[in-house]
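Novice: Have a peek at start.cif (mmCIF, C-alpha atoms).
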data_model
loop_
_atom_site.label_atom_id
_atom_site.label_comp_id
_atom_site.auth_asym_id
_atom_site.auth_seq_id
_atom_site.Cartn_x
_atom_site.Cartn_y
_atom_site.Cartn_z
CA MET E 1 -25.93 49.54 5.85
CA VAL E 2 -28.72 47.05 5.64
CA THR E 3 -29.55 46.50 1.98
CA SER E 4 -26.40 48.44 1.15
CA LEU E 5 -27.21 51.34 3.43
CA CYS E 6 -30.30 53.14 2.20
CA HIS E 7 -29.16 55.52 4.94
CA ASP E 8 -25.88 56.10 3.11
CA THR E 9 -27.48 57.89 0.17
CA PRO E 10 -25.62 60.99 -1.03
CA LEU E 11 -26.94 64.14 0.56
CA GLU E 12 -27.41 66.13 -2.62
CA ASN E 13 -26.96 69.86 -2.93
CA LYS E 14 -30.16 71.46 -4.12
CA SER E 15 -28.21 73.44 -6.72
CA THR E 16 -28.26 72.10 -10.25
CA THR E 17 -24.70 73.30 -10.84
CA THR E 18 -22.35 70.56 -12.02
CA ALA E 19 -19.28 69.87 -9.89
CA THR E 20 -15.99 71.15 -11.27
CA ALA E 21 -13.03 68.89 -11.88
CA SER E 22 -11.22 70.37 -8.90
CA ALA E 23 -14.03 69.69 -6.43
CA SER E 24 -13.31 67.28 -3.56
CA PRO E 25 -15.05 63.90 -3.61
CA PRO E 26 -18.50 64.10 -2.02
CA GLN E 27 -18.95 62.69 1.44
CA LYS E 28 -21.81 60.33 2.02
CA SER E 29 -24.73 60.43 4.43
CA GLY E 30 -24.52 57.44 6.67
CA HIS E 31 -20.89 58.06 6.53
CA CYS E 32 -20.33 60.91 4.11
CA VAL E 33 -21.58 64.37 3.21
CA PRO E 34 -21.21 65.99 -0.23
CA PRO E 35 -19.64 69.43 -0.57
CA ALA E 36 -21.55 71.97 -2.63
CA PRO E 37 -22.07 72.05 -5.53
CA VAL E 38 -22.19 68.40 -6.47
CA GLN E 39 -23.40 66.30 -9.34
CA ARG E 40 -25.66 63.34 -8.67
CA ILE E 41 -23.88 60.02 -8.89
CA ASN E 42 -25.83 56.80 -9.21
CA HIS E 43 -23.91 53.73 -8.08
CA GLN E 44 -26.70 51.21 -8.34
CA PRO E 45 -29.54 50.64 -10.78
CA THR E 46 -32.02 51.30 -7.97
CA PRO E 47 -31.48 54.76 -6.43
CA ARG E 48 -30.83 54.73 -2.71
CA CYS E 49 -32.45 57.27 -0.45
CA SER E 50 -32.40 58.66 3.04
CA SER E 51 -35.28 58.10 5.41
CA THR E 52 -36.24 61.76 5.00
CA GLN E 53 -36.44 61.44 1.22
CA CYS E 54 -38.42 58.24 0.87
CA PRO E 55 -42.19 57.96 1.21
CA ARG E 56 -42.86 55.88 4.29
CA ALA E 57 -45.46 53.23 4.99
CA PRO E 58 -47.89 53.83 7.87
CA SER E 59 -45.96 53.59 11.11
CA SER E 60 -48.70 52.54 13.50
CA VAL E 61 -50.10 49.08 13.94
CA HIS E 62 -53.62 50.51 13.78
CA ALA E 63 -53.01 52.20 10.44
CA LEU E 64 -51.70 48.97 9.00
CA ALA E 65 -54.55 46.95 10.42
CA ARG E 66 -57.06 49.18 8.63
CA LYS E 67 -55.90 47.71 5.34
CA GLY E 68 -58.12 44.74 6.20
CA PHE E 69 -55.84 41.69 5.85
CA ASP E 70 -57.10 38.75 7.84
CA LYS E 71 -55.14 36.04 9.62
CA GLU E 72 -56.27 33.28 7.31
CA GLU E 73 -54.88 35.14 4.32
CA MET E 74 -51.62 35.64 6.21
CA ARG E 75 -51.29 31.97 7.07
CA GLY E 76 -51.23 31.16 3.38
CA LYS E 77 -48.09 33.27 3.11
CA LEU E 78 -46.26 31.80 6.10
CA PRO E 79 -43.35 29.38 5.52
CA ALA E 80 -44.30 25.71 5.24
CA SER E 81 -42.63 24.92 8.58
CA MET E 82 -45.22 27.11 10.29
CA HIS E 83 -48.30 25.41 8.90
CA ASN E 84 -48.17 22.31 11.11
CA SER E 85 -49.85 21.95 14.49
CA ASN E 86 -46.69 23.06 16.29
CA SER E 87 -46.41 26.29 14.27
CA PRO E 88 -46.56 29.21 16.73
CA ILE E 89 -48.76 31.54 14.67
CA ARG E 90 -51.11 28.99 13.08
CA TRP E 91 -51.37 26.72 16.09
CA LEU E 92 -51.90 29.43 18.68
CA SER E 93 -54.43 31.30 16.57
CA ARG E 94 -56.46 28.10 16.16
CA VAL E 95 -56.44 26.48 19.58
CA GLY E 96 -55.54 29.42 21.82
CA VAL E 97 -52.49 30.20 23.82
CA GLY E 98 -53.75 28.43 26.91
CA LEU E 99 -52.58 25.05 25.64
CA ALA E 100 -49.05 26.29 25.01
CA ALA E 101 -48.00 25.81 28.60
CA ILE E 102 -49.32 22.23 28.50
CA LEU E 103 -48.09 21.06 25.12
CA ILE E 104 -44.78 22.95 24.92
CA SER E 105 -42.26 22.11 27.59
CA ILE E 106 -40.71 25.26 29.04
CA THR E 107 -38.28 25.07 31.93
CA THR E 108 -39.52 26.48 35.24
CA TRP E 109 -37.19 29.14 36.59
CA ALA E 110 -36.91 30.55 40.09
CA ASN E 111 -35.82 34.12 40.72
CA PRO E 112 -35.51 36.41 43.76
CA PRO E 113 -37.89 39.40 43.88
CA ALA E 114 -36.82 42.69 42.27
CA ALA E 115 -33.95 41.07 40.39
CA ALA E 116 -32.50 42.93 37.41
CA LEU E 117 -34.05 41.94 34.10
CA ASP E 118 -30.86 40.50 32.65
CA THR E 119 -30.31 37.15 30.94
CA THR E 120 -30.15 35.34 34.29
CA HIS E 121 -33.67 36.43 35.31
CA ALA E 122 -36.23 33.59 35.39
CA LYS E 123 -38.85 35.36 33.29
CA VAL E 124 -36.28 36.57 30.77
CA ARG E 125 -34.96 33.01 30.42
CA LYS E 126 -38.49 31.76 29.75
CA VAL E 127 -38.94 34.24 26.90
CA MET E 128 -35.50 33.33 25.55
CA GLU E 129 -36.58 29.68 25.33
CA VAL E 130 -39.61 30.60 23.24
CA GLN E 131 -37.50 32.98 21.15
CA HIS E 132 -35.14 30.13 20.34
CA LYS E 133 -38.06 27.98 19.18
CA VAL E 134 -39.72 30.53 16.88
CA THR E 135 -37.07 32.94 15.55
CA ARG E 136 -35.88 30.89 12.60
CA ASP E 137 -39.40 30.44 11.26
CA LEU E 138 -40.33 34.06 11.88
CA MET E 139 -37.22 35.39 10.14
CA SER E 140 -37.90 33.26 7.09
CA LEU E 141 -40.57 35.88 6.37
CA GLU E 142 -39.04 38.61 4.22
CA ASP E 143 -40.25 41.57 6.26
CA ILE E 144 -39.37 40.26 9.72
CA LEU E 145 -36.01 41.80 10.58
CA GLY E 146 -35.37 40.09 13.91
CA THR E 147 -36.52 39.27 17.43
CA ALA E 148 -35.46 40.17 20.95
CA VAL E 149 -36.46 39.81 24.58
CA SER E 150 -38.06 43.07 25.71
CA VAL E 151 -40.95 44.03 28.00
CA ASP E 152 -44.67 44.55 27.53
CA GLY E 153 -46.78 47.50 28.67
CA ALA E 154 -46.79 46.19 32.21
CA GLY E 155 -43.01 45.93 32.32
CA GLU E 156 -43.01 42.14 32.14
CA PRO E 157 -40.58 40.27 29.85
CA ALA E 158 -42.03 39.70 26.38
CA LEU E 159 -40.91 38.67 22.91
CA VAL E 160 -40.62 41.59 20.46
CA VAL E 161 -40.70 40.94 16.71
CA PHE E 162 -39.13 43.64 14.52
CA VAL E 163 -41.10 44.18 11.29
CA TYR E 164 -39.97 46.33 8.36
CA GLU E 165 -42.59 49.07 8.30
CA GLN E 166 -42.32 49.60 4.52
CA GLY E 167 -42.40 45.89 3.72
CA LYS E 168 -45.04 44.62 1.34
CA ASN E 169 -46.28 42.09 3.92
CA ALA E 170 -46.00 44.32 7.00
CA ALA E 171 -49.75 44.77 7.47
CA GLU E 172 -50.40 41.05 7.12
CA ILE E 173 -47.71 40.17 9.64
CA VAL E 174 -49.06 42.70 12.14
CA ASN E 175 -52.58 41.29 11.82
CA ALA E 176 -51.45 37.66 12.04
CA MET E 177 -49.15 38.00 15.04
CA PRO E 178 -50.88 36.76 18.21
CA SER E 179 -50.50 38.52 21.54
CA GLU E 180 -48.83 35.41 22.96
CA LEU E 181 -46.46 32.83 21.51
CA LEU E 182 -46.04 29.53 23.33
CA GLY E 183 -47.22 31.03 26.60
CA VAL E 184 -45.22 34.27 26.62
CA ALA E 185 -46.34 37.76 25.68
CA ALA E 186 -45.40 38.89 22.16
CA ARG E 187 -45.59 42.24 20.41
CA VAL E 188 -44.62 43.75 17.06
CA GLU E 189 -42.30 46.73 16.71
CA LEU E 190 -42.44 48.46 13.33
CA THR E 191 -39.10 49.92 12.22
CA ASP E 192 -37.01 50.76 9.21
CA LYS E 193 -34.18 48.39 8.32
CA PHE E 194 -31.16 47.99 10.56
CA ARG E 195 -28.04 49.46 9.02
CA ALA E 196 -24.45 49.95 10.07
CA PHE E 197 -24.11 53.56 11.19
CA ARG E 198 -21.21 55.38 9.53
CA GLY E 199 -21.10 59.21 9.09
CA LYS E 200 -23.44 62.23 8.72
CA PRO E 201 -23.16 66.02 9.19
CA ASP E 202 -22.16 67.17 12.68
CA ARG E 203 -25.03 68.13 14.99
CA GLY E 204 -23.21 71.34 16.01
CA GLY E 205 -23.04 72.93 19.44
CA GLY E 206 -21.47 71.67 22.66
CA VAL E 207 -18.20 69.75 22.59
CA SER E 208 -17.08 69.06 19.04
CA HIS E 209 -16.73 65.39 18.21
CA THR E 210 -15.55 66.16 14.67
CA ALA E 211 -12.80 68.74 15.21
CA LYS E 212 -9.11 67.88 14.89
CA GLN E 213 -7.76 67.53 18.44
CA THR E 214 -4.36 68.38 19.87
CA PRO E 215 -2.66 65.08 20.83
CA PRO E 216 -3.00 63.11 22.93
CA ILE E 217 -6.60 62.88 21.73
CA GLN E 218 -9.70 61.80 23.60
CA LEU E 219 -11.91 59.14 22.06
CA GLY E 220 -15.61 59.24 21.18
CA THR E 221 -14.46 61.28 18.20
CA SER E 222 -14.59 61.24 14.40
CA GLY E 223 -12.08 58.90 12.76
CA GLY E 224 -11.49 56.01 10.44
CA TRP E 225 -9.29 54.28 7.89
CA ARG E 226 -7.01 56.79 6.13
CA LYS E 227 -7.83 55.41 2.66
CA ASP E 228 -11.60 55.16 3.14
CA LEU E 229 -12.45 56.89 -0.14
CA ALA E 230 -13.95 55.15 -3.17
CA ASN E 231 -16.53 55.56 -5.93
CA GLY E 232 -16.50 59.34 -5.52
CA TYR E 233 -17.23 59.29 -1.77
CA CYS E 234 -15.29 59.23 1.51
CA CYS E 235 -16.35 57.38 4.65
CA GLY E 236 -15.71 57.20 8.39
CA GLY E 237 -17.13 56.62 11.85
CA THR E 238 -16.20 56.88 15.54
CA LEU E 239 -12.97 56.05 17.38
CA GLY E 240 -14.79 54.57 20.32
CA SER E 241 -12.60 53.57 23.23
CA LEU E 242 -9.20 52.32 24.38
CA ILE E 243 -8.46 48.66 25.09
CA LYS E 244 -5.38 46.66 26.00
CA ILE E 245 -4.16 43.50 24.29
CA GLY E 246 -1.08 42.11 26.01
CA ASN E 247 1.03 45.14 26.88
CA GLU E 248 -0.16 47.31 23.98
CA GLN E 249 -2.99 49.83 23.75
CA TYR E 250 -5.43 49.82 20.83
CA ILE E 251 -8.32 51.98 19.67
CA LEU E 252 -11.55 49.96 19.49
CA SER E 253 -14.10 50.62 16.75
CA ASN E 254 -16.08 48.58 14.22
CA TYR E 255 -15.02 46.27 11.41
CA HIS E 256 -17.06 48.36 8.99
CA VAL E 257 -15.30 51.56 10.13
CA PHE E 258 -11.68 50.32 9.93
CA GLU E 259 -11.43 47.36 7.58
CA SER E 260 -14.55 46.73 5.49
CA ASP E 261 -12.88 47.71 2.21
CA ILE E 262 -12.35 44.21 0.79
CA VAL E 263 -12.34 44.94 -2.95
CA SER E 264 -10.00 47.15 -4.97
CA GLY E 265 -12.66 48.20 -7.46
CA GLY E 266 -13.46 51.78 -6.40
CA ASN E 267 -10.08 52.94 -5.14
CA GLY E 268 -7.49 50.38 -6.25
CA THR E 269 -6.75 49.23 -2.70
CA VAL E 270 -8.07 47.21 0.24
CA ALA E 271 -7.69 47.63 3.99
CA ALA E 272 -4.51 46.01 5.33
CA THR E 273 -2.69 45.67 8.64
CA GLY E 274 -0.33 48.61 9.06
CA ASP E 275 -2.59 51.17 7.33
CA TYR E 276 -3.05 54.40 9.25
CA VAL E 277 -6.18 55.27 11.22
CA ILE E 278 -6.81 59.02 11.36
CA GLN E 279 -8.57 61.64 13.47
CA PRO E 280 -10.84 63.23 12.35
CA GLY E 281 -12.25 60.90 9.73
CA LEU E 282 -12.19 61.78 6.03
CA ILE E 283 -15.82 62.87 6.19
CA ASP E 284 -14.84 65.78 8.43
CA VAL E 285 -11.76 66.99 6.52
CA ASN E 286 -13.30 67.42 3.07
CA CYS E 287 -12.14 63.91 2.08
CA SER E 288 -8.48 64.96 2.36
CA ALA E 289 -6.33 62.84 4.69
CA ALA E 290 -3.69 65.58 4.65
CA ASN E 291 -6.01 67.61 6.87
CA ALA E 292 -6.22 64.85 9.51
CA GLN E 293 -3.62 63.22 11.75
CA ASN E 294 -2.44 59.63 12.05
CA VAL E 295 -3.24 58.32 15.53
CA ALA E 296 -2.96 54.54 15.17
CA THR E 297 -2.18 51.69 12.76
CA LEU E 298 -4.76 49.12 11.71
CA VAL E 299 -4.44 45.55 12.93
CA LYS E 300 -6.93 43.49 10.92
CA LYS E 301 -9.00 41.09 13.00
CA SER E 302 -11.52 40.12 10.29
CA SER E 303 -14.38 39.76 12.76
CA LEU E 304 -16.89 39.64 9.91
CA PRO E 305 -18.52 37.85 8.25
CA ASN E 306 -17.66 34.71 10.23
CA HIS E 307 -17.95 35.91 13.83
CA ASN E 308 -20.73 37.36 15.96
CA VAL E 309 -19.13 40.77 16.59
CA ASP E 310 -18.52 43.86 14.43
CA CYS E 311 -15.19 45.05 15.81
CA SER E 312 -11.73 46.12 14.73
CA VAL E 313 -8.68 47.63 16.41
CA ALA E 314 -5.79 49.97 15.62
CA LYS E 315 -2.53 50.06 17.58
CA VAL E 316 -1.95 53.46 19.17
CA ILE E 317 0.93 55.57 17.87
CA ALA E 318 3.00 56.74 20.85
CA GLY E 319 1.82 60.07 22.20
CA MET E 320 -1.25 60.36 19.96
CA VAL E 321 -4.01 59.00 22.26
CA ASN E 322 -4.53 59.76 25.94
CA PRO E 323 -3.24 56.61 27.67
CA ASN E 324 -6.00 56.75 30.32
CA GLY E 325 -8.59 56.11 27.59
CA SER E 326 -10.61 59.26 28.31
CA ILE E 327 -13.75 59.65 26.16
CA LEU E 328 -15.19 63.04 25.23
CA GLU E 329 -17.92 64.13 27.68
CA ILE E 330 -17.69 60.81 29.55
CA GLY E 331 -14.16 60.82 30.93
CA VAL E 332 -12.13 57.88 32.18
CA LEU E 333 -13.87 54.50 32.33
CA SER E 334 -13.75 51.65 34.79
CA SER E 335 -11.58 48.76 33.66
CA GLN E 336 -14.50 46.49 34.59
CA THR E 337 -17.54 45.71 32.44
CA VAL E 338 -21.19 45.09 33.23
CA ALA E 339 -23.83 42.88 31.59
CA ALA E 340 -26.82 44.53 29.96
CA ALA E 341 -30.24 44.52 31.63
CA ILE E 342 -33.65 45.68 30.36
CA ASN E 343 -34.36 49.31 31.34
CA GLN E 344 -30.71 49.86 32.26
CA ALA E 345 -29.70 53.52 31.77
CA VAL E 346 -26.84 53.91 29.30
CA LYS E 347 -24.93 56.64 27.46
CA LYS E 348 -22.45 56.93 24.62
CA SER E 349 -20.12 59.48 23.03
CA GLY E 350 -20.01 59.42 19.23
CA ARG E 351 -19.04 61.41 16.17
CA THR E 352 -22.46 62.54 15.02
CA THR E 353 -24.81 62.81 17.98
CA GLY E 354 -22.11 63.38 20.62
CA LEU E 355 -23.04 62.52 24.20
CA THR E 356 -26.49 60.90 24.30
CA ARG E 357 -28.44 58.87 26.79
CA SER E 358 -31.05 56.13 26.51
CA LYS E 359 -32.09 52.83 28.07
CA ILE E 360 -31.75 49.21 27.07
CA SER E 361 -35.02 47.96 25.62
CA GLY E 362 -34.13 44.39 24.64
CA LEU E 363 -31.72 41.51 25.10
CA ASN E 364 -30.64 38.44 23.15
CA ALA E 365 -31.65 40.00 19.83
CA THR E 366 -31.32 38.18 16.52
CA ILE E 367 -31.03 40.71 13.67
CA ARG E 368 -29.76 40.97 10.09
CA VAL E 369 -27.37 43.67 8.85
CA THR E 370 -26.07 44.07 5.28
CA TYR E 371 -22.51 45.31 4.71
CA ASP E 372 -20.89 47.08 1.75
CA ASN E 373 -17.61 45.90 0.22
CA GLU E 374 -16.05 49.40 0.27
CA CYS E 375 -17.05 53.03 0.70
CA ALA E 376 -20.20 53.60 -1.40
CA GLY E 377 -19.71 50.12 -2.84
CA GLY E 378 -21.92 47.12 -3.47
CA THR E 379 -23.20 44.57 -0.99
CA ALA E 380 -20.48 42.32 0.39
CA PHE E 381 -22.62 40.10 2.64
CA THR E 382 -25.60 40.05 4.99
CA LYS E 383 -24.81 39.00 8.55
CA THR E 384 -27.29 37.56 11.04
CA PHE E 385 -26.18 38.43 14.58
CA THR E 386 -27.46 36.68 17.70
CA GLY E 387 -27.40 37.60 21.38
CA GLN E 388 -27.35 41.36 20.70
CA ILE E 389 -28.33 44.33 22.90
CA VAL E 390 -31.26 46.53 21.81
CA VAL E 391 -31.41 50.21 22.82
CA SER E 392 -34.25 52.70 22.42
CA ASN E 393 -33.39 55.12 19.60
CA GLN E 394 -36.53 57.09 18.77
CA GLY E 395 -35.82 59.58 16.01
CA SER E 396 -32.19 58.44 15.87
CA LYS E 397 -31.50 60.69 18.86
CA PHE E 398 -29.28 58.18 20.65
CA LEU E 399 -27.40 56.75 17.66
CA ASN E 400 -27.17 58.00 14.10
CA ALA E 401 -25.04 57.57 11.01
CA GLY E 402 -21.41 58.23 11.90
CA ASP E 403 -21.73 56.97 15.48
CA SER E 404 -20.62 53.42 14.59
CA GLY E 405 -17.79 52.35 16.85
CA SER E 406 -19.08 54.25 19.89
CA LEU E 407 -18.77 52.51 23.25
CA MET E 408 -22.01 52.21 25.24
CA VAL E 409 -21.49 52.52 29.01
CA GLU E 410 -23.69 52.61 32.09
CA ASP E 411 -25.07 56.07 32.81
CA VAL E 412 -23.19 56.98 35.98
CA ALA E 413 -21.12 60.09 36.64
CA THR E 414 -17.75 58.55 37.43
CA ASN E 415 -15.79 55.64 35.92
CA PRO E 416 -18.72 54.00 34.09
CA ARG E 417 -18.42 50.35 33.09
CA ALA E 418 -18.65 49.35 29.44
CA VAL E 419 -21.85 47.58 28.35
CA GLY E 420 -21.66 47.21 24.57
CA LEU E 421 -20.07 48.23 21.26
CA LEU E 422 -22.57 50.10 19.08
CA TYR E 423 -22.57 49.34 15.36
CA ALA E 424 -26.03 49.40 13.78
CA GLY E 425 -29.62 50.47 14.18
CA SER E 426 -32.68 52.13 12.73
CA SER E 427 -34.65 55.29 13.45
CA THR E 428 -36.27 53.52 16.43
CA THR E 429 -33.67 51.04 17.62
CA ALA E 430 -29.90 50.89 18.19
CA ILE E 431 -27.95 47.62 18.28
CA ALA E 432 -24.78 46.77 20.22
CA ASN E 433 -22.49 43.78 20.58
CA PRO E 434 -22.21 42.81 24.27
CA ILE E 435 -18.82 44.22 25.26
CA ASN E 436 -17.67 40.97 26.87
CA ASP E 437 -18.22 39.16 23.56
CA VAL E 438 -16.03 41.76 21.84
CA LEU E 439 -13.27 41.60 24.45
CA THR E 440 -13.27 37.80 24.40
CA PHE E 441 -12.95 37.75 20.61
CA LEU E 442 -10.03 40.18 20.76
CA GLY E 443 -8.36 38.76 23.87
CA ALA E 444 -8.53 42.28 25.34
CA THR E 445 -9.42 44.26 28.47
CA MET E 446 -10.79 47.77 28.88
CA VAL E 447 -8.38 50.58 29.76
CA GLY E 448 -9.65 52.41 32.84
CA ASN E 449 -9.61 52.68 36.63
#
Is it possible to express this structure as structure tokens?
Specialist:
Amino acid sequence: MVTSLCHDTPLENKSTTTATASASPPQKSGHCVPPAPVQRINHQPTPRCSSTQCPRAPSSVHALARKGFDKEEMRGKLPASMHNSNSPIRWLSRVGVGLAAILISITTWANPPAAALDTTHAKVRKVMEVQHKVTRDLMSLEDILGTAVSVDGAGEPALVVFVYEQGKNAAEIVNAMPSELLGVAARVELTDKFRAFRGKPDRGGGVSHTAKQTPPIQLGTSGGWRKDLANGYCCGGTLGSLIKIGNEQYILSNYHVFESDIVSGGNGTVAATGDYVIQPGLIDVNCSAANAQNVATLVKKSSLPNHNVDCSVAKVIAGMVNPNGSILEIGVLSSQTVAAAINQAVKKSGRTTGLTRSKISGLNATIRVTYDNECAGGTAFTKTFTGQIVVSNQGSKFLNAGDSGSLMVEDVATNPRAVGLLYAGSSTTAIANPINDVLTFLGATMVGN
């Protein structure tokens, strides 16, 4: 849902037959899938498209470099704040990175050997300092999507700069970016835009994460706001996990799954406290809520756009959700949480891709995500998040549209601890709010052993 979810383009039936008046509203890729046959519906002057439908720019740095842009040409396109002698790109390319350690004061950190690469690690902290100095200027460039602390080819902490691979200035940015910024290693990662991940056809096979369950249900399953239908589409995501606020249990998911409908334009209503949350979501019951079941009631928390988490909760209806918080293919969690660390093994259970595993590839990310104002609606706002967790997502195999709201946990067999709340990503990268940030915002604890 960055730039109004290019990923959420209607998946069109190849038939040219026009939909009949009795046909159900189409569901949208990204969070909905159209039934066949269906008529094309254009909601915006510029047609949106899925990543499989759009021509893509070259994906390798070498292919982009062959276009022949030079660094001097790039410097003319950099923001004014980066043209002075302290500008990371211009300054380092002129005088060399060796002076950075002398002219730029960076705190010296001590760290025991073999320590986890988390945000307390000395080398990670050093990269975070540089990241803080350069991110604002870097992200003033249109095609730079964000930054994070990751690792280089040798496994040492480095600054990664996310560049939109189809951006008009992508090749120039790749050529201009030095291998070091202010004394720390830096590298470019080409990606498509980050978007909030709601809905897509089920992957099929294994445990179904889209089927209607017999109560009490397990989580990691399809679900969403009961009225999430507008502009000829229906939407949904993942009912991720169970939390406790005071003495009550709540389903945890994302703001953009439960309560992002903030205008009445496409369906004559907006999300409100007390509305039902259903299982499965509308996208898996042919857009008909009558084919789903009410499992909880929405309690609006309005985490966005003014807070640094994309979360929402729904109070459990008695008897409808397993009170131990069991998640499909993961089981019962620990009630404790754990901080993210680079190369940490993680897993998640979500609507679209089911149980998947990956590893954390970056910390302290600053990224931009654009949100719609209702299902298949227009852009409501663009949010810049800071301090986020980055997860490897090559080919969208870990996280895909419809998996929003999934809980990311450590990859252990029994009682895993929660690490983050997944909400956005690209075909190469998944993004999560640190779970402790989410729980602090909500005043909540995890349900588990």
Novice: Name the residues captured by the PyMOL selection byres ((chain E and resi 149) around 6) when it is applied to the shown file; answer as a ChimeraX atom specification.
Specialist: /E:148,150,158-159,362-363
Novice: Run the PyMOL selection byres ((chain E and resi 343) around 12) mentally over the shown coordinates, then write out the matched residues as a list of chain:residue names, using the chain letters and numbers from the document.
Specialist: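 Those residues are E:Ala116, E:Leu117, E:Asp118, E:Val149, E:Ser150, E:Val151, E:Asp152, E:Gly155, E:Glu156, E:Pro157, E:Ala340, E:Ala341, E:Ile342, E:Gln344, E:Ala345, E:Val346, E:Ser358, E:Lys359, E:Ile360, E:Ser361, E:Gly362, E:Leu363, E:Ile389, E:Val390, E:Val391, E:Ser392, E:Glu410, E:Asp411.
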Novice: Which residues, named as in the file, does the PyMOL selection byres ((chain E and resi 164) around 7) pick out? Answer as a PDB file with C-alpha atoms, keeping the file's coordinate frame.
Specialist:
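Printed below is expr-v2.pdb as written:
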ATOM      1  CA  ASP E 143     -40.250  41.570   6.260  1.00  0.00           C
ATOM      2  CA  ILE E 144     -39.370  40.260   9.720  1.00  0.00           C
ATOM      3  CA  LEU E 145     -36.010  41.800  10.580  1.00  0.00           C
ATOM      4  CA  PHE E 162     -39.130  43.640  14.520  1.00  0.00           C
ATOM      5  CA  VAL E 163     -41.100  44.180  11.290  1.00  0.00           C
ATOM      6  CA  GLU E 165     -42.590  49.070   8.300  1.00  0.00           C
ATOM      7  CA  GLN E 166     -42.320  49.600   4.520  1.00  0.00           C
ATOM      8  CA  GLY E 167     -42.400  45.890   3.720  1.00  0.00           C
ATOM      9  CA  ALA E 170     -46.000  44.320   7.000  1.00  0.00           C
ATOM     10  CA  LEU E 190     -42.440  48.460  13.330  1.00  0.00           C
ATOM     11  CA  THR E 191     -39.100  49.920  12.220  1.00  0.00           C
ATOM     12  CA  ASP E 192     -37.010  50.760   9.210  1.00  0.00           C
ATOM     13  CA  LYS E 193     -34.180  48.390   8.320  1.00  0.00           C
TER      14      LYS E 193
END
Novice: If you count only C-alpha atoms, which residues fall within 8 Å of Thr147 of chain E, apart from same-chain ones fewer than 5 positions away, as an MDAnalysis selection string?
Specialist: chainID E and resid 131 135 159:162 365:367
Novice: Closest to Gly246 of chain E among E:Lys300, E:Tyr423, E:Gly443, E:Ala290, using only C-alpha atoms?
Specialist: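 Of E:Lys300, E:Tyr423, E:Gly443, E:Ala290, the one nearest Gly246 of chain E is E:Gly443, counting only C-alpha atoms.
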